[in-house]
$ cat run-v2.tsv   # TSV, C-alpha atoms and all ligand atoms
chain	number	residue	atom	x	y	z
A	12	MET	CA	17.67	-18.16	-13.45
A	13	SER	CA	14.70	-19.11	-15.63
A	14	PHE	CA	13.47	-22.68	-15.91
A	15	VAL	CA	10.87	-24.13	-18.22
A	16	ASP	CA	8.69	-25.23	-15.34
A	17	ASP	CA	8.61	-21.87	-13.53
A	18	LEU	CA	5.14	-21.05	-12.24
A	19	VAL	CA	5.59	-17.34	-12.95
A	20	VAL	CA	7.61	-15.76	-15.74
A	21	LEU	CA	8.04	-12.20	-16.94
A	22	ARG	CA	6.27	-11.24	-20.17
A	23	PRO	CA	5.86	-7.83	-21.82
A	24	GLU	CA	2.30	-7.72	-20.44
A	25	GLY	CA	3.34	-8.55	-16.87
A	26	LEU	CA	3.92	-11.53	-14.55
A	27	TYR	CA	2.52	-14.62	-16.28
A	28	CYS	CA	1.68	-18.12	-15.04
A	29	PRO	CA	2.30	-20.44	-18.06
A	30	PRO	CA	0.43	-23.57	-16.88
A	31	GLY	CA	-2.55	-21.53	-15.63
A	32	ASP	CA	-2.56	-19.10	-18.58
A	33	PHE	CA	-3.24	-15.95	-16.51
A	34	TYR	CA	-1.37	-12.87	-15.37
A	35	ILE	CA	-0.75	-11.34	-11.95
A	36	ASP	CA	-1.15	-7.50	-11.83
A	37	PRO	CA	-0.41	-7.11	-15.58
A	38	TRP	CA	0.41	-3.61	-16.86
A	39	ARG	CA	-0.96	-4.26	-20.36
A	40	PRO	CA	-4.51	-5.47	-21.15
A	41	VAL	CA	-4.86	-9.28	-20.94
A	42	GLY	CA	-7.60	-11.90	-20.86
A	43	ARG	CA	-7.27	-13.06	-17.27
A	44	ALA	CA	-5.76	-10.98	-14.48
A	45	VAL	CA	-5.32	-11.93	-10.84
A	46	ILE	CA	-5.12	-8.62	-8.97
A	47	THR	CA	-3.21	-8.37	-5.67
A	48	HIS	CA	-4.71	-4.98	-4.70
A	49	ALA	CA	-6.45	-1.91	-6.07
A	50	HIS	CA	-3.51	0.55	-6.21
A	51	ALA	CA	-3.34	2.04	-9.71
A	52	ASP	CA	-0.03	0.44	-10.72
A	53	HIS	CA	-1.25	-3.06	-9.82
A	54	ALA	CA	-4.93	-2.88	-10.84
A	55	ARG	CA	-5.25	-1.47	-14.33
A	56	MET	CA	-8.20	-1.00	-16.65
A	57	GLY	CA	-8.77	-3.05	-19.77
A	58	HIS	CA	-8.46	-6.71	-18.73
A	59	THR	CA	-11.25	-9.04	-19.82
A	60	ARG	CA	-11.63	-10.88	-16.50
A	61	TYR	CA	-10.41	-10.06	-13.00
A	62	LEU	CA	-9.89	-12.25	-9.93
A	63	ALA	CA	-9.28	-10.57	-6.55
A	64	ALA	CA	-9.80	-11.04	-2.80
A	65	ALA	CA	-13.39	-10.45	-1.70
A	66	PRO	CA	-12.63	-7.72	0.91
A	67	GLY	CA	-11.16	-5.60	-1.91
A	68	GLU	CA	-14.23	-5.68	-4.15
A	69	GLY	CA	-15.54	-2.28	-3.06
A	70	VAL	CA	-12.24	-0.41	-3.49
A	71	LEU	CA	-11.54	-2.18	-6.78
A	72	ARG	CA	-14.94	-1.18	-8.16
A	73	ALA	CA	-14.56	2.36	-6.77
A	74	ARG	CA	-11.41	2.68	-8.89
A	75	LEU	CA	-12.16	0.57	-11.99
A	76	GLY	CA	-15.96	0.78	-12.24
A	77	GLU	CA	-17.88	-2.06	-13.89
A	78	ILE	CA	-15.40	-4.90	-14.43
A	79	ASP	CA	-15.90	-8.64	-14.85
A	80	LEU	CA	-14.75	-9.55	-11.35
A	81	GLN	CA	-14.65	-12.90	-9.56
A	82	THR	CA	-13.74	-12.76	-5.88
A	83	LEU	CA	-12.29	-15.30	-3.47
A	84	ALA	CA	-12.38	-15.22	0.31
A	85	TYR	CA	-8.88	-15.31	1.81
A	86	GLY	CA	-7.72	-18.93	1.82
A	87	GLU	CA	-10.39	-20.11	-0.64
A	88	ALA	CA	-8.95	-21.85	-3.72
A	89	VAL	CA	-9.92	-22.19	-7.37
A	90	ASP	CA	-8.40	-24.54	-9.92
A	91	HIS	CA	-7.29	-23.13	-13.23
A	92	PHE	CA	-5.85	-25.60	-15.80
A	93	GLY	CA	-4.43	-27.62	-12.92
A	94	VAL	CA	-3.06	-24.63	-11.02
A	95	ARG	CA	-4.59	-24.19	-7.60
A	96	VAL	CA	-4.92	-20.44	-6.96
A	97	SER	CA	-5.64	-18.93	-3.55
A	98	LEU	CA	-5.30	-15.45	-2.04
A	99	HIS	CA	-3.83	-14.62	1.38
A	100	PRO	CA	-3.75	-11.36	3.37
A	101	ALA	CA	-0.86	-8.97	2.61
A	102	GLY	CA	-1.60	-6.29	5.25
A	103	HIS	CA	-1.01	-3.48	2.74
A	104	VAL	CA	-4.46	-1.99	1.99
A	105	LEU	CA	-8.06	-3.24	2.20
A	106	GLY	CA	-8.35	-6.44	0.15
A	107	SER	CA	-4.62	-6.73	-0.56
A	108	ALA	CA	-3.54	-10.30	-1.22
A	109	GLN	CA	-0.57	-12.51	-1.86
A	110	VAL	CA	-1.25	-14.96	-4.68
A	111	ARG	CA	-0.44	-18.59	-3.89
A	112	LEU	CA	-0.02	-20.93	-6.87
A	113	GLU	CA	0.27	-24.68	-6.52
A	114	HIS	CA	1.02	-26.92	-9.47
A	115	ARG	CA	2.30	-30.52	-9.44
A	116	GLY	CA	3.52	-30.23	-5.86
A	117	ARG	CA	5.36	-26.94	-6.31
A	118	VAL	CA	4.20	-23.77	-4.54
A	119	TRP	CA	4.94	-20.20	-5.59
A	120	VAL	CA	3.70	-17.06	-3.87
A	121	ALA	CA	3.59	-13.59	-5.45
A	122	SER	CA	3.39	-11.02	-2.67
A	123	GLY	CA	2.06	-7.92	-4.41
A	124	ASP	CA	2.76	-5.09	-1.95
A	125	TYR	CA	2.79	-5.99	1.73
A	126	PHE	CA	3.11	-4.50	5.19
A	127	VAL	CA	4.16	-6.31	8.36
A	128	ALA	CA	4.03	-4.92	11.88
A	129	GLY	CA	7.45	-3.95	13.25
A	130	ALA	CA	9.38	-6.27	15.56
A	131	ASP	CA	8.64	-3.89	18.47
A	132	ASP	CA	4.98	-3.55	17.61
A	133	ASP	CA	2.17	-5.50	19.13
A	134	PRO	CA	1.46	-7.79	16.15
A	135	ALA	CA	-2.25	-7.12	16.66
A	136	GLU	CA	-1.49	-3.48	15.84
A	137	GLY	CA	-0.45	-4.28	12.23
A	138	ASN	CA	-2.52	-2.32	9.77
A	139	ALA	CA	-5.81	-1.59	11.53
A	140	THR	CA	-7.62	-1.10	8.22
A	141	CYS	CA	-7.14	-4.58	6.75
A	142	ALA	CA	-6.35	-8.21	7.55
A	143	PRO	CA	-2.74	-8.64	8.78
A	144	PHE	CA	-0.02	-10.15	6.56
A	145	GLU	CA	-0.03	-13.92	6.77
A	146	PRO	CA	3.21	-15.78	5.94
A	147	VAL	CA	2.62	-18.53	3.37
A	148	ARG	CA	5.13	-21.38	3.00
A	149	CYS	CA	6.40	-21.76	-0.55
A	150	ASP	CA	9.27	-22.92	-2.76
A	151	CYS	CA	9.60	-19.60	-4.53
A	152	PHE	CA	8.57	-16.19	-3.16
A	153	ILE	CA	8.13	-13.21	-5.47
A	154	THR	CA	8.60	-10.24	-3.15
A	155	GLU	CA	8.27	-6.51	-3.45
A	156	SER	CA	11.21	-4.47	-2.15
A	157	THR	CA	9.93	-0.89	-2.18
A	158	PHE	CA	11.84	-0.06	1.03
A	159	GLY	CA	14.53	-2.72	0.67
A	160	LEU	CA	17.43	-0.71	2.06
A	161	PRO	CA	18.82	-0.97	5.62
A	162	ILE	CA	18.05	2.72	6.30
A	163	TYR	CA	14.31	1.99	6.26
A	164	ARG	CA	13.20	1.02	9.75
A	165	TRP	CA	9.76	2.05	10.91
A	166	ALA	CA	9.15	3.21	14.49
A	167	PRO	CA	6.35	1.45	16.40
A	168	GLN	CA	3.02	2.69	15.09
A	169	ARG	CA	1.73	3.86	18.46
A	170	GLU	CA	4.68	6.28	18.67
A	171	LEU	CA	4.05	7.53	15.18
A	172	PHE	CA	0.33	8.15	15.73
A	173	ALA	CA	1.13	9.81	19.09
A	174	ASP	CA	3.44	12.17	17.14
A	175	ILE	CA	0.68	13.00	14.67
A	176	ASP	CA	-1.79	13.57	17.53
A	177	ARG	CA	0.67	15.93	19.32
A	178	TRP	CA	1.23	17.94	16.12
A	179	TRP	CA	-2.53	18.17	15.49
A	180	ALA	CA	-3.34	19.10	19.14
A	181	ALA	CA	-0.66	21.82	19.19
A	182	ASN	CA	-1.99	23.31	15.95
A	183	ALA	CA	-5.57	23.13	17.21
A	184	ALA	CA	-4.55	24.93	20.42
A	185	ALA	CA	-2.91	27.65	18.29
A	186	GLY	CA	-6.02	27.92	16.06
A	187	ARG	CA	-4.32	26.57	12.91
A	188	PRO	CA	-5.71	23.83	10.65
A	189	SER	CA	-3.52	20.71	10.30
A	190	LEU	CA	-3.19	19.70	6.65
A	191	LEU	CA	-1.86	16.13	6.42
A	192	MET	CA	-1.11	14.85	2.93
A	193	GLY	CA	-0.90	11.18	2.04
A	194	TYR	CA	-2.02	8.75	-0.64
A	195	SER	CA	-5.88	8.74	-0.89
A	196	PHE	CA	-6.20	4.97	-0.91
A	197	GLY	CA	-4.69	3.14	2.02
A	198	LYS	CA	-2.61	5.86	3.66
A	199	ALA	CA	-5.55	8.18	4.32
A	200	GLN	CA	-7.55	5.39	5.98
A	201	ARG	CA	-4.53	4.26	8.06
A	202	ILE	CA	-4.24	7.83	9.37
A	203	LEU	CA	-7.96	8.04	10.11
A	204	ALA	CA	-7.94	4.75	12.00
A	205	GLY	CA	-4.82	5.73	13.96
A	206	VAL	CA	-5.42	9.30	15.17
A	207	ASP	CA	-7.38	10.44	18.24
A	208	PRO	CA	-10.65	11.91	16.89
A	209	SER	CA	-11.36	13.68	20.20
A	210	ILE	CA	-8.75	16.34	19.31
A	211	GLY	CA	-11.02	18.03	16.77
A	212	PRO	CA	-13.09	17.66	13.61
A	213	ILE	CA	-11.70	15.66	10.67
A	214	VAL	CA	-12.11	16.94	7.11
A	215	VAL	CA	-11.22	14.88	4.04
A	216	HIS	CA	-10.56	15.83	0.42
A	217	GLY	CA	-13.06	14.67	-2.25
A	218	ALA	CA	-10.53	12.13	-3.56
A	219	VAL	CA	-10.37	10.42	-0.16
A	220	ASP	CA	-14.10	10.26	0.52
A	221	PRO	CA	-15.19	7.50	-1.95
A	222	LEU	CA	-12.45	5.24	-0.60
A	223	ASN	CA	-13.54	5.92	2.97
A	224	ARG	CA	-17.04	4.89	1.94
A	225	ALA	CA	-15.73	1.63	0.45
A	226	TYR	CA	-13.76	0.92	3.66
A	227	ARG	CA	-16.77	1.61	5.87
A	228	ALA	CA	-18.99	-0.54	3.64
A	229	ALA	CA	-16.48	-3.37	4.13
A	230	GLY	CA	-16.82	-3.00	7.91
A	231	VAL	CA	-13.62	-1.04	8.67
A	232	ALA	CA	-14.20	1.37	11.57
A	233	LEU	CA	-13.16	4.93	10.69
A	234	PRO	CA	-13.98	8.05	12.75
A	235	PRO	CA	-16.61	10.48	11.37
A	236	THR	CA	-15.31	12.71	8.56
A	237	ARG	CA	-16.74	15.60	6.54
A	238	LEU	CA	-15.99	17.21	3.22
A	239	VAL	CA	-14.90	20.84	3.54
A	240	THR	CA	-18.15	21.92	1.85
A	241	GLU	CA	-20.07	20.18	4.65
A	242	VAL	CA	-18.41	22.30	7.34
A	243	ILE	CA	-20.96	25.05	7.99
A	244	ASP	CA	-19.16	26.84	10.83
A	245	LYS	CA	-15.80	27.63	9.16
A	246	SER	CA	-14.22	28.49	12.52
A	247	GLU	CA	-14.22	24.72	13.16
A	248	LEU	CA	-11.52	24.38	10.52
A	249	ARG	CA	-9.04	25.99	12.89
A	250	ARG	CA	-9.10	22.86	15.02
A	251	ALA	CA	-9.46	20.44	12.13
A	252	LEU	CA	-7.26	17.69	10.81
A	253	VAL	CA	-7.51	17.89	7.00
A	254	ILE	CA	-6.55	14.73	5.10
A	255	ALA	CA	-5.79	15.16	1.41
A	256	PRO	CA	-3.72	13.62	-1.39
A	257	PRO	CA	-0.21	15.00	-2.09
A	258	SER	CA	-1.43	16.72	-5.27
A	259	VAL	CA	-3.17	19.46	-3.23
A	260	GLN	CA	0.08	21.02	-2.11
A	261	ASN	CA	0.19	24.70	-3.18
A	262	SER	CA	-3.25	24.36	-4.79
A	263	THR	CA	-6.22	26.75	-4.47
A	264	TRP	CA	-7.96	23.94	-2.61
A	265	ALA	CA	-5.23	23.95	0.06
A	266	ARG	CA	-5.02	27.77	0.24
A	267	ARG	CA	-8.49	27.96	1.76
A	268	PHE	CA	-6.94	26.64	4.98
A	269	GLY	CA	-4.89	29.83	5.27
A	270	ASP	CA	-1.94	29.49	7.62
A	271	ALA	CA	-2.40	25.73	8.06
A	272	SER	CA	0.52	23.68	9.30
A	273	ASP	CA	1.23	21.14	6.57
A	274	ALA	CA	2.69	17.66	6.80
A	275	PHE	CA	3.30	14.68	4.59
A	276	ALA	CA	2.91	11.01	5.58
A	277	SER	CA	5.03	8.51	3.64
A	278	GLY	CA	7.81	5.98	4.13
A	279	TRP	CA	9.98	8.27	2.01
A	280	MET	CA	9.87	10.86	4.82
A	281	GLN	CA	12.65	8.84	6.44
A	282	LEU	CA	14.97	10.57	3.95
A	283	ARG	CA	15.89	14.14	4.82
A	284	GLY	CA	16.14	15.01	1.11
A	285	ALA	CA	12.55	13.91	0.50
A	286	ARG	CA	11.35	16.07	3.40
A	287	ARG	CA	13.23	19.10	2.07
A	288	ARG	CA	11.86	18.64	-1.44
A	289	ARG	CA	8.38	18.32	-0.04
A	290	ALA	CA	8.85	21.68	1.73
A	291	VAL	CA	6.32	20.84	4.45
A	292	ASP	CA	6.39	21.67	8.16
A	293	ARG	CA	6.44	18.01	9.19
A	294	GLY	CA	7.22	14.64	7.66
A	295	PHE	CA	5.66	11.58	9.29
A	296	VAL	CA	7.29	8.26	8.42
A	297	LEU	CA	4.18	6.18	7.78
A	298	SER	CA	4.33	3.44	5.18
A	299	ASP	CA	2.02	0.69	3.98
A	300	HIS	CA	5.07	-1.34	2.91
A	301	ALA	CA	7.38	-3.56	4.97
A	302	ASP	CA	10.61	-1.92	6.16
A	303	TRP	CA	14.02	-3.60	5.73
A	304	PRO	CA	13.75	-5.89	8.80
A	305	GLY	CA	10.11	-6.57	7.93
A	306	LEU	CA	11.02	-7.71	4.41
A	307	GLN	CA	13.67	-10.00	5.84
A	308	ARG	CA	11.30	-11.49	8.41
A	309	ALA	CA	8.55	-11.97	5.85
A	310	ILE	CA	10.88	-13.63	3.33
A	311	GLY	CA	12.33	-15.89	6.03
A	312	ALA	CA	8.87	-16.97	7.20
A	313	THR	CA	7.99	-18.32	3.75
A	314	GLY	CA	10.81	-20.88	3.94
A	315	ALA	CA	11.41	-20.24	0.23
A	316	GLN	CA	14.74	-21.36	-1.20
A	317	ARG	CA	14.27	-19.14	-4.23
A	318	VAL	CA	13.27	-15.47	-4.12
A	319	ILE	CA	12.45	-13.14	-7.01
A	320	VAL	CA	12.47	-9.44	-6.22
A	321	THR	CA	10.13	-7.04	-8.03
A	322	HIS	CA	9.85	-3.29	-7.58
A	323	GLY	CA	12.11	-1.39	-5.24
A	324	TYR	CA	15.81	-1.69	-4.55
A	325	GLU	CA	16.13	-4.99	-6.38
A	326	SER	CA	19.94	-5.23	-6.56
A	327	VAL	CA	20.52	-4.54	-2.84
A	328	MET	CA	17.90	-7.09	-1.83
A	329	VAL	CA	19.15	-9.70	-4.33
A	330	ARG	CA	22.70	-9.33	-2.96
A	331	TRP	CA	21.49	-9.75	0.63
A	332	LEU	CA	19.41	-12.83	-0.29
A	333	THR	CA	22.33	-14.39	-2.13
A	334	GLU	CA	24.52	-13.83	0.95
A	335	GLN	CA	21.91	-15.78	2.96
A	336	GLY	CA	22.47	-18.75	0.64
A	337	LEU	CA	19.21	-18.33	-1.25
A	338	GLU	CA	18.76	-18.43	-4.98
A	339	ALA	CA	17.76	-14.89	-5.84
A	340	GLY	CA	16.88	-12.91	-8.93
A	341	ALA	CA	14.75	-9.97	-10.03
A	342	PHE	CA	11.86	-9.20	-12.34
A	343	SER	CA	11.85	-5.77	-13.89
A	344	THR	CA	8.22	-4.63	-13.48
A	345	GLU	CA	6.24	-1.46	-14.05
A	346	TYR	CA	5.07	-1.20	-10.42
A	347	GLY	CA	6.02	1.54	-7.99
A	348	ASP	CA	3.12	3.57	-6.62
A	349	GLU	CA	4.86	5.52	-3.88
A	350	LYS	CA	7.85	6.36	-6.04
A	351	GLU	CA	5.54	8.09	-8.48
A	352	GLU	CA	4.25	10.20	-5.63
A	353	VAL	CA	7.75	11.36	-4.78
A	354	ALA	CA	8.60	12.00	-8.43
A	355	GLU	CA	5.41	14.01	-8.69
A	356	SER	CA	6.34	16.01	-5.60
A	357	MET	CA	9.73	16.82	-7.09
A	358	THR	CA	8.17	18.28	-10.21
A	359	THR	CA	5.47	20.26	-8.39
A	360	VAL	CA	7.73	21.68	-5.71
A	361	GLY	CA	10.87	21.94	-7.83
A	362	ALA	CA	13.77	19.91	-6.46
B	1	ZN	ZN	0.31	-0.82	-3.37
B	2	ZN	ZN	3.42	-1.69	-5.60
$ encode --input "run-v2.tsv" --output "structure tokens"
Amino acid sequence: MSFVDDLVVLRPEGLYCPPGDFYIDPWRPVGRAVITHAHADHARMGHTRYLAAAPGEGVLRARLGEIDLQTLAYGEAVDHFGVRVSLHPAGHVLGSAQVRLEHRGRVWVASGDYFVAGADDDPAEGNATCAPFEPVRCDCFITESTFGLPIYRWAPQRELFADIDRWWAANAAAGRPSLLMGYSFGKAQRILAGVDPSIGPIVVHGAVDPLNRAYRAAGVALPPTRLVTEVIDKSELRRALVIAPPSVQNSTWARRFGDASDAFASGWMQLRGARRRRAVDRGFVLSDHADWPGLQRAIGATGAQRVIVTHGYESVMVRWLTEQGLEAGAFSTEYGDEKEEVAESMTTVGA
């Protein structure tokens, strides 16, 4: 499975490009790191130099502070020891990129995390908060597989956001706050961009607010939001949509919303067990990752003859790829943002 001239190999520090002498999303401190996106498991502290897509600069700095960061516009290339490096939209979160490497006529692409609009979706509807996933032709595609099981199939987004709007409107009519929990970076902004702000006021948790500011500064349109401390007339909260990270469940912060209806937005909500463990009124299946058909379409569109699967259900995806006649293998990585959220929920709620 491993050849001496591979453009990316697995090292204890992370995914490494031998001819270019740099890493992609390393999990241990290194000299040069190309970062696919600012989620904590992909963008870590402690590297000497960072390279990332320009639209992600604000969110990256909001999370990592003062770092030595070089940015590239999508499609712009730099040469590093004879390796041509360029970044291409991944549709996952603001600034998320696939890394394209070209060396002596061979092309490899490392996807990072990615999201593609469903087959039934208007492709223009993709992820409204960032540039849509762009297939890049390559010889070898390193793909994520977070939701790489046939049970994961996302409904069209307009249906999903209509569901959230109906839940919120019904709560507002009954005078109950709507507490919707989801990851602060990416998920929260997807929700904000997708809901109907005419239903009522929108309140966000303090962990969500700095990321909203980075999105707005990058030109992403989000409806007006307030922190709970900025809501003077507390009776407004009874009609409010409150967006907060999963960690607030059963916290004093959440208790101030009294008899709020609570809900959780995640791809994992497709599993009944995950909903039960979460112990929330509603589970909305909203993911920033490709579903099973989306992974297959995205992999097919690269034209790659060789595919290396990173985090997710590696063995199931590798078997499926092999059945398609492709050369397939896996890298064992330390990625897996959304899984940590579920693990965390199991310990807080008690499985
Ligand atoms: Zn991610
Ligand atoms: Zn990831």
$ residues_around --input "run-v2.tsv" --residues "Leu238 in chain A" --least-positions-apart "6" --cutoff "9 Å" --atoms "all atoms listed in the file" --output "list in words"
Ile213, Val214, Val215, His216, Gly217 and Asp220 of chain A
$ closest_residue --input "run-v2.tsv" --among "A:Leu83, A:Leu105, A:Ala173, A:Leu71" --to "Gln200 in chain A" --atoms "only C-alpha atoms"
A:Leu105
$ residues_around --input "run-v2.tsv" --residues "Gly311 in chain A" --least-positions-apart "3" --cutoff "12 Å" --atoms "all atoms listed in the file" --output "PyMOL selection string"
chain A and resi 146-152+154+304-308+314-318+332+335-337
$ residues_near_ligand --input "run-v2.tsv" --ligand "ligand ZN 1 (chain B)" --cutoff "10 Å" --atoms "all atoms listed in the file" --output "list in words"
Thr47, His48, Ala49, His50, Ala51, Asp52, His53, Ala54, His103, Val104, Ser107, Gly123, Asp124, Tyr125, Phe126, Glu155, Thr157, Phe196, Gly197, Asp299, His300, Tyr346, Gly347, Asp348 and Glu349 of chain A
$ closest_residue --input "run-v2.tsv" --among "A:Gln81, A:Thr236, A:Ser122, A:Asn182" --to "ligand ZN 2 (chain B)" --atoms "only C-alpha atoms and all ligand atoms"
A:Ser122
$ atom_distance --input "run-v2.tsv" --atom1 "CA of Thr140 in chain A" --atom2 "CA of Asp36 in chain A"
22.0 Å
$ closest_residue --input "run-v2.tsv" --among "A:Ala251, A:Arg115, A:Arg177, A:Met56" --to "Arg72 in chain A" --atoms "only C-alpha atoms"
A:Met56
$ residues_near_point --input "run-v2.tsv" --point "(12.6, 1.2, 13.4)" --cutoff "10 Å" --atoms "only C-alpha atoms" --output "MDAnalysis selection string"
chainID A and resid 129:132 162:168 302:305
$ closest_residue --input "run-v2.tsv" --among "A:Ala121, A:Pro23, A:Ala228, A:Ala276" --to "ligand ZN 2 (chain B)" --atoms "only C-alpha atoms and all ligand atoms"
A:Ala121
$ closest_residue --input "run-v2.tsv" --among "A:Leu80, A:Leu297, A:Val320, A:Val206" --to "ligand ZN 2 (chain B)" --atoms "only C-alpha atoms and all ligand atoms"
A:Val320
$ atom_distance --input "run-v2.tsv" --atom1 "CA of Gly106 in chain A" --atom2 "CA of Ala63 in chain A"
7.9 Å
$ closest_residue --input "run-v2.tsv" --among "A:Pro234, A:Pro188, A:Pro161, A:Gly323" --to "ligand ZN 2 (chain B)" --atoms "only C-alpha atoms and all ligand atoms"
A:Gly323
$ residues_around --input "run-v2.tsv" --residues "Asp207 in chain A" --least-positions-apart "2" --cutoff "10 Å" --atoms "only C-alpha atoms" --output "PyMOL selection string"
chain A and resi 172-173+175-177+179-180+202-205+209-211+234
$ residues_around --input "run-v2.tsv" --residues "range 86-100 of chain A" --least-positions-apart "3" --cutoff "6 Å" --atoms "only C-alpha atoms" --output "NGL selection string"
:A and (31 or 83 or 108-114 or 142 or 144-145)
$ atom_distance --input "run-v2.tsv" --atom1 "CA of Ser262 in chain A" --atom2 "CA of Phe275 in chain A"
15.0 Å
$ residues_around --input "run-v2.tsv" --residues "His58 in chain A" --least-positions-apart "4" --cutoff "7 Å" --atoms "all atoms listed in the file" --output "number ranges by chain"
A: 40-44
